[in-house]
$ cat input-v7.cif   # mmCIF, C-alpha atoms
data_my_file
loop_
_atom_site.label_atom_id
_atom_site.label_comp_id
_atom_site.auth_asym_id
_atom_site.auth_seq_id
_atom_site.Cartn_x
_atom_site.Cartn_y
_atom_site.Cartn_z
CA PRO A 80 6.75 5.59 12.87
CA PHE A 81 5.74 5.41 9.22
CA VAL A 82 8.65 5.15 6.79
CA ALA A 83 8.46 5.14 3.01
CA PHE A 84 9.65 2.08 1.08
CA ASP A 85 10.46 1.79 -2.62
CA SER A 86 11.30 -1.64 -4.08
CA GLY A 87 11.56 -3.06 -0.56
CA MET A 88 14.01 -0.38 0.63
CA CYS A 89 13.43 2.25 3.29
CA THR A 90 13.90 5.66 1.64
CA VAL A 91 13.98 7.97 4.65
CA PRO A 92 17.16 8.93 6.53
CA ASN A 93 18.45 6.82 9.44
CA CYS A 94 16.21 3.79 8.94
CA ASP A 95 18.66 1.32 10.44
CA GLN A 96 18.96 3.47 13.57
CA THR A 97 15.14 3.50 13.84
CA TRP A 98 14.98 -0.30 13.67
CA LYS A 99 17.78 -0.71 16.22
CA LYS A 100 16.14 1.74 18.63
CA LEU A 101 12.44 0.83 18.22
CA GLY A 102 12.47 -2.59 16.59
CA PHE A 103 10.87 -3.43 13.25
CA ASN A 104 7.66 -1.63 14.09
CA LEU A 105 4.78 -1.07 11.71
CA GLY A 106 3.98 2.44 10.67
CA CYS A 107 0.88 4.13 9.33
CA GLN A 108 0.11 7.52 7.86
CA PRO A 109 -3.08 9.14 6.56
CA LEU A 110 -2.99 10.09 2.89
CA ASN A 111 -3.28 13.78 2.16
CA SER A 112 -6.94 14.05 1.18
CA SER A 113 -6.36 17.34 -0.63
CA ARG A 114 -4.14 15.45 -3.12
CA VAL A 115 -6.21 12.28 -3.49
CA ALA A 116 -9.83 11.81 -2.44
CA TYR A 117 -9.79 8.24 -1.12
CA PHE A 118 -11.70 7.78 2.11
CA SER A 119 -12.30 4.76 4.29
CA PRO A 120 -15.74 3.65 5.47
CA PHE A 121 -14.08 3.22 8.88
CA THR A 122 -12.67 5.68 11.41
CA THR A 123 -8.98 5.64 10.58
CA HIS A 124 -7.56 8.06 13.13
CA PHE A 125 -8.53 9.84 16.31
CA GLY A 126 -8.94 13.59 15.87
CA GLY A 127 -6.03 15.94 16.08
CA ARG A 128 -5.37 19.03 14.06
CA HIS A 129 -5.11 17.24 10.70
CA CYS A 130 -8.27 15.18 11.03
CA ALA A 131 -10.94 15.40 8.35
CA PRO A 132 -14.46 15.93 9.70
CA GLN A 133 -15.10 12.16 9.72
CA CYS A 134 -11.52 11.12 10.58
CA ASN A 135 -11.66 8.58 7.76
CA ASP A 136 -8.73 9.47 5.50
CA ALA A 137 -7.26 6.57 3.58
CA LEU A 138 -4.12 5.15 5.21
CA TRP A 139 -0.92 3.70 3.94
CA TYR A 140 1.29 1.43 5.97
CA SER A 141 4.93 0.49 6.26
CA PHE A 142 5.85 -3.11 7.06
CA PRO A 143 9.63 -3.44 7.43
CA GLY A 144 10.75 -6.67 5.82
CA PRO A 145 14.17 -8.30 5.89
CA CYS A 146 17.19 -6.13 5.14
CA PRO A 147 15.07 -2.97 4.82
CA SER A 148 18.03 -0.74 3.90
CA LYS A 149 18.48 -2.56 0.56
CA ASP A 150 16.22 -2.89 -2.47
CA HIS A 151 14.94 -6.32 -3.54
CA LYS A 152 18.03 -7.09 -5.63
CA GLY A 153 20.50 -6.05 -2.92
CA LYS A 154 19.14 -8.20 -0.07
CA THR A 155 21.90 -10.69 0.71
CA GLU A 156 21.49 -13.65 3.08
CA GLU A 157 23.99 -12.02 5.45
CA CYS A 158 21.99 -8.80 5.52
CA LYS A 159 18.73 -10.73 6.08
CA GLN A 160 20.33 -12.49 9.06
CA GLN A 161 21.52 -9.21 10.59
CA MET A 162 18.28 -7.30 9.87
CA PRO A 163 15.44 -9.87 9.73
CA GLY A 164 12.58 -7.39 9.57
CA GLY A 165 9.37 -7.56 11.56
CA ARG A 166 7.36 -10.30 9.85
CA CYS A 167 6.62 -13.30 12.09
CA SER A 168 7.03 -16.67 10.42
CA ASP A 169 4.40 -18.08 12.77
CA ILE A 170 1.52 -16.25 14.42
CA SER A 171 2.37 -17.87 17.76
CA LEU A 172 5.59 -15.79 17.87
CA LEU A 173 3.71 -12.50 17.81
CA GLY A 174 3.98 -10.69 21.14
CA LYS A 175 6.39 -13.17 22.73
CA PRO A 176 9.03 -11.48 24.91
CA ASP A 177 11.97 -13.15 23.13
CA SER A 178 10.61 -12.54 19.62
CA GLU A 179 11.71 -9.61 17.46
CA CYS A 180 8.78 -9.97 15.05
CA THR A 181 6.08 -7.31 15.14
CA TYR A 182 3.47 -8.44 12.58
CA TYR A 183 2.05 -11.52 10.90
CA THR A 184 0.63 -11.69 7.37
CA GLU A 185 -1.11 -14.30 5.29
CA LYS A 186 -1.76 -14.21 1.57
CA ALA A 187 -5.41 -13.40 1.01
CA GLY A 188 -5.40 -13.06 -2.76
CA GLU A 189 -4.44 -10.50 -5.36
CA VAL A 190 -5.92 -8.36 -8.08
CA ARG A 191 -3.68 -7.33 -10.96
CA LEU A 192 -3.77 -3.62 -11.73
CA ASP A 193 -3.97 -4.41 -15.46
CA ASP A 194 -7.21 -6.34 -14.80
CA LEU A 195 -8.56 -3.50 -12.67
CA VAL A 196 -7.76 -0.83 -15.26
CA GLY A 197 -8.73 -2.98 -18.26
CA ILE A 198 -5.32 -3.22 -19.97
CA LYS A 199 -5.00 -6.49 -21.89
CA ASP A 200 -1.33 -6.36 -22.94
CA TYR A 201 0.61 -3.80 -20.90
CA GLN A 202 3.85 -4.08 -22.88
CA ASN A 203 2.05 -3.34 -26.15
CA TRP A 204 -0.23 -0.72 -24.56
CA TRP A 205 2.68 1.18 -23.02
CA ALA A 206 5.74 0.59 -25.25
CA LEU A 207 4.10 0.46 -28.68
CA GLU A 208 0.96 2.54 -28.28
CA HIS A 209 2.72 5.06 -25.94
CA ASN A 210 -0.12 5.16 -23.43
CA LYS A 211 0.25 6.15 -19.79
CA GLU A 212 -1.97 5.10 -16.92
CA TYR A 213 -1.75 8.53 -15.32
CA VAL A 214 -0.06 11.90 -15.84
CA TRP A 215 0.03 13.90 -12.59
CA GLU A 216 0.18 17.32 -14.27
CA THR A 217 -3.00 16.76 -16.31
CA ASP A 218 -4.80 14.54 -13.76
CA LYS A 219 -5.57 12.15 -16.62
CA GLY A 220 -4.31 9.04 -18.29
CA VAL A 221 -3.41 8.58 -21.93
CA GLY A 222 -5.26 5.59 -23.38
CA THR A 223 -7.32 5.06 -20.21
CA ASP A 224 -9.44 7.20 -17.95
CA PHE A 225 -9.44 4.82 -14.98
CA TRP A 226 -7.18 6.96 -12.75
CA ASP A 227 -8.51 10.36 -13.92
CA SER A 228 -9.74 12.88 -11.33
CA ARG A 229 -7.68 11.96 -8.27
CA THR A 230 -9.39 14.61 -6.09
CA ASP A 231 -12.93 13.58 -7.05
CA ALA A 232 -14.27 11.56 -4.11
CA LYS A 233 -16.95 9.91 -6.29
CA ARG A 234 -14.39 8.68 -8.86
CA CYS A 235 -12.06 7.44 -6.10
CA SER A 236 -14.96 5.59 -4.46
CA GLU A 237 -15.89 4.00 -7.81
CA ARG A 238 -12.30 2.77 -8.21
CA MET A 239 -12.35 1.21 -4.74
CA ASP A 240 -15.75 -0.40 -5.44
CA LYS A 241 -14.39 -1.90 -8.67
CA LEU A 242 -11.33 -3.26 -6.84
CA GLN A 243 -13.49 -4.85 -4.15
CA ASP A 244 -15.86 -6.30 -6.75
CA LEU A 245 -12.97 -7.81 -8.73
CA PHE A 246 -11.49 -9.28 -5.53
CA TRP A 247 -14.86 -10.75 -4.52
CA ARG A 248 -15.33 -12.35 -7.97
CA LYS A 249 -11.89 -14.00 -7.72
CA TYR A 250 -12.19 -14.97 -4.04
CA PRO A 251 -15.88 -15.28 -3.11
CA GLU A 252 -15.01 -17.22 0.06
CA MET A 253 -12.97 -14.30 1.43
CA PRO A 254 -14.40 -11.23 3.18
CA ILE A 255 -14.12 -7.98 1.21
CA THR A 256 -12.61 -6.30 4.27
CA TYR A 257 -11.59 -7.03 7.83
CA GLY A 258 -12.05 -3.38 8.70
CA GLU A 259 -9.20 -0.98 9.17
CA PRO A 260 -7.37 -0.35 12.43
CA PRO A 261 -7.08 3.32 13.35
CA CYS A 262 -3.72 4.98 12.84
CA ASP A 263 -2.98 6.51 16.23
CA LEU A 264 -0.59 9.37 15.56
CA SER A 265 -0.37 10.59 19.14
#
$ encode --input "input-v7.cif" --output "structure tokens"
Amino acid sequence: PFVAFDSGMCTVPNCDQTWKKLGFNLGCQPLNSSRVAYFSPFTTHFGGRHCAPQCNDALWYSFPGPCPSKDHKGKTEECKQQMPGGRCSDISLLGKPDSECTYYTEKAGEVRLDDLVGIKDYQNWWALEHNKEYVWETDKGVGTDFWDSRTDAKRCSERMDKLQDLFWRKYPEMPITYGEPPCDLS
């Protein structure tokens, strides 16, 4: 099942019991498209009563890492040994009967949000100029309009296009996408 994480820590009740019962499984959940209008070009889930007409809601995922009941600062070596998380250190371990790992990741690259939004010096922009990237109540930023209009599908699509363009310019040898596996909620 999908579980929320903040700063590397599972924030829903009974996480440790979930891991002990089901293992360090990945989770996925469609975003609520009435709150944000991000859509995938791929089919992201298979029908059901909450499926948009195209079944292409954006998804978010949970990948339980080591010591998932603690935030980044609280992850001790002892905790990491007792609760190693689901990440495989080697792809050959994935799916092996004696392996507890459930997923494998490789670094593909990164795009800094400041570069995406166009903020040159975040500390100055935020602390001295008192700007804000986004204010939920007004659906606008202060000092930037990049995140404005969260329910406007065209604006959300433009943001995704800009992200993909920035990634491609930094990593032209990498594909823009590998597709998106459907989130089977049944």
$ atom_distance --input "input-v7.cif" --atom1 "atom CA of A:Arg166" --atom2 "atom CA of A:Thr184"
7.3 Å
$ resolve_selection --input "input-v7.cif" --expression "the PyMOL selection byres ((chain A and resi 212-222) around 12)" --output "PyMOL selection string"
chain A and resi 114-115+192-193+195-198+201+203-205+207-211+223-231
$ closest_residue --input "input-v7.cif" --among "A:Gln243, A:Pro80, A:Val190, A:Trp139" --to "A:Cys94" --atoms "all atoms listed in the file"
A:Pro80
$ residues_around --input "input-v7.cif" --residues "A:Met239" --least-positions-apart "6" --cutoff "10 Å" --atoms "all atoms listed in the file" --output "PyMOL selection string"
chain A and resi 117-119+195+233+245
$ write_last_selection --input "input-v7.cif" --atoms "C-alpha atoms" --output "PDB file, in the frame of the given file"
ATOM      1  CA  TYR A 117      -9.790   8.240  -1.120  1.00  0.00           C
ATOM      2  CA  PHE A 118     -11.700   7.780   2.110  1.00  0.00           C
ATOM      3  CA  SER A 119     -12.300   4.760   4.290  1.00  0.00           C
ATOM      4  CA  LEU A 195      -8.560  -3.500 -12.670  1.00  0.00           C
ATOM      5  CA  LYS A 233     -16.950   9.910  -6.290  1.00  0.00           C
ATOM      6  CA  LEU A 245     -12.970  -7.810  -8.730  1.00  0.00           C
TER       7      LEU A 245
END
$ atom_distance --input "input-v7.cif" --atom1 "atom CA of A:Asp136" --atom2 "atom CA of A:Asp194"
25.8 Å
$ resolve_selection --input "input-v7.cif" --expression "the PyMOL selection byres ((chain A and resi 162) around 12)" --output "JSON, numbers by chain"
{"A": [94, 95, 96, 97, 98, 99, 102, 103, 143, 144, 145, 146, 147, 148, 149, 154, 155, 156, 157, 158, 159, 160, 161, 163, 164, 165, 166, 179, 180]}
$ build_atoms --input "input-v7.cif" --residues "stretch 206-226 of chain A" --atoms "N, CA, C and O atoms" --output "mmCIF file, in the frame of the given file"
data_model
loop_
_atom_site.group_PDB
_atom_site.id
_atom_site.type_symbol
_atom_site.label_atom_id
_atom_site.label_comp_id
_atom_site.auth_asym_id
_atom_site.auth_seq_id
_atom_site.Cartn_x
_atom_site.Cartn_y
_atom_site.Cartn_z
ATOM 1 N N ALA A 206 4.539 0.408 -24.424
ATOM 2 C CA ALA A 206 5.740 0.590 -25.250
ATOM 3 C C ALA A 206 5.424 0.900 -26.718
ATOM 4 O O ALA A 206 6.114 1.706 -27.337
ATOM 5 N N LEU A 207 4.400 0.268 -27.267
ATOM 6 C CA LEU A 207 4.100 0.460 -28.680
ATOM 7 C C LEU A 207 3.045 1.535 -28.933
ATOM 8 O O LEU A 207 3.159 2.312 -29.873
ATOM 9 N N GLU A 208 2.032 1.556 -28.085
ATOM 10 C CA GLU A 208 0.960 2.540 -28.280
ATOM 11 C C GLU A 208 1.249 3.857 -27.536
ATOM 12 O O GLU A 208 0.525 4.827 -27.715
ATOM 13 N N HIS A 209 2.274 3.860 -26.679
ATOM 14 C CA HIS A 209 2.720 5.060 -25.940
ATOM 15 C C HIS A 209 1.644 5.634 -25.023
ATOM 16 O O HIS A 209 1.506 6.841 -24.881
ATOM 17 N N ASN A 210 0.888 4.745 -24.404
ATOM 18 C CA ASN A 210 -0.120 5.160 -23.430
ATOM 19 C C ASN A 210 0.518 5.323 -22.053
ATOM 20 O O ASN A 210 1.618 4.822 -21.805
ATOM 21 N N LYS A 211 -0.193 5.989 -21.176
ATOM 22 C CA LYS A 211 0.250 6.150 -19.790
ATOM 23 C C LYS A 211 -0.983 6.021 -18.901
ATOM 24 O O LYS A 211 -2.024 6.612 -19.186
ATOM 25 N N GLU A 212 -0.829 5.272 -17.807
ATOM 26 C CA GLU A 212 -1.970 5.100 -16.920
ATOM 27 C C GLU A 212 -2.392 6.428 -16.295
ATOM 28 O O GLU A 212 -3.583 6.674 -16.104
ATOM 29 N N TYR A 213 -1.406 7.274 -15.987
ATOM 30 C CA TYR A 213 -1.750 8.530 -15.320
ATOM 31 C C TYR A 213 -0.625 9.538 -15.512
ATOM 32 O O TYR A 213 0.542 9.195 -15.431
ATOM 33 N N VAL A 214 -1.002 10.785 -15.745
ATOM 34 C CA VAL A 214 -0.060 11.900 -15.840
ATOM 35 C C VAL A 214 -0.475 12.903 -14.768
ATOM 36 O O VAL A 214 -1.560 13.492 -14.846
ATOM 37 N N TRP A 215 0.361 13.069 -13.758
ATOM 38 C CA TRP A 215 0.030 13.900 -12.590
ATOM 39 C C TRP A 215 -0.364 15.323 -12.996
ATOM 40 O O TRP A 215 -1.331 15.880 -12.482
ATOM 41 N N GLU A 216 0.395 15.916 -13.898
ATOM 42 C CA GLU A 216 0.180 17.320 -14.270
ATOM 43 C C GLU A 216 -1.192 17.559 -14.912
ATOM 44 O O GLU A 216 -1.767 18.636 -14.779
ATOM 45 N N THR A 217 -1.709 16.587 -15.636
ATOM 46 C CA THR A 217 -3.000 16.760 -16.310
ATOM 47 C C THR A 217 -4.145 16.083 -15.548
ATOM 48 O O THR A 217 -5.303 16.289 -15.906
ATOM 49 N N ASP A 218 -3.810 15.284 -14.534
ATOM 50 C CA ASP A 218 -4.800 14.540 -13.760
ATOM 51 C C ASP A 218 -5.602 13.595 -14.659
ATOM 52 O O ASP A 218 -6.785 13.366 -14.451
ATOM 53 N N LYS A 219 -4.922 13.059 -15.676
ATOM 54 C CA LYS A 219 -5.570 12.150 -16.620
ATOM 55 C C LYS A 219 -4.577 11.105 -17.122
ATOM 56 O O LYS A 219 -3.378 11.326 -17.103
ATOM 57 N N GLY A 220 -5.120 10.032 -17.622
ATOM 58 C CA GLY A 220 -4.310 9.040 -18.290
ATOM 59 C C GLY A 220 -4.303 9.288 -19.786
ATOM 60 O O GLY A 220 -5.057 10.119 -20.304
ATOM 61 N N VAL A 221 -3.442 8.566 -20.477
ATOM 62 C CA VAL A 221 -3.410 8.580 -21.930
ATOM 63 C C VAL A 221 -3.720 7.140 -22.351
ATOM 64 O O VAL A 221 -2.972 6.229 -22.037
ATOM 65 N N GLY A 222 -4.869 6.936 -22.994
ATOM 66 C CA GLY A 222 -5.260 5.590 -23.380
ATOM 67 C C GLY A 222 -6.154 4.913 -22.350
ATOM 68 O O GLY A 222 -6.611 3.796 -22.567
ATOM 69 N N THR A 223 -6.390 5.551 -21.232
ATOM 70 C CA THR A 223 -7.320 5.060 -20.210
ATOM 71 C C THR A 223 -7.766 6.250 -19.365
ATOM 72 O O THR A 223 -7.030 7.220 -19.209
ATOM 73 N N ASP A 224 -8.962 6.148 -18.843
ATOM 74 C CA ASP A 224 -9.440 7.200 -17.950
ATOM 75 C C ASP A 224 -9.648 6.677 -16.524
ATOM 76 O O ASP A 224 -10.193 7.360 -15.668
ATOM 77 N N PHE A 225 -9.188 5.455 -16.265
ATOM 78 C CA PHE A 225 -9.440 4.820 -14.980
ATOM 79 C C PHE A 225 -8.958 5.664 -13.794
ATOM 80 O O PHE A 225 -9.655 5.800 -12.793
ATOM 81 N N TRP A 226 -7.759 6.227 -13.881
ATOM 82 C CA TRP A 226 -7.180 6.960 -12.750
ATOM 83 C C TRP A 226 -7.457 8.471 -12.813
ATOM 84 O O TRP A 226 -6.981 9.220 -11.955
#
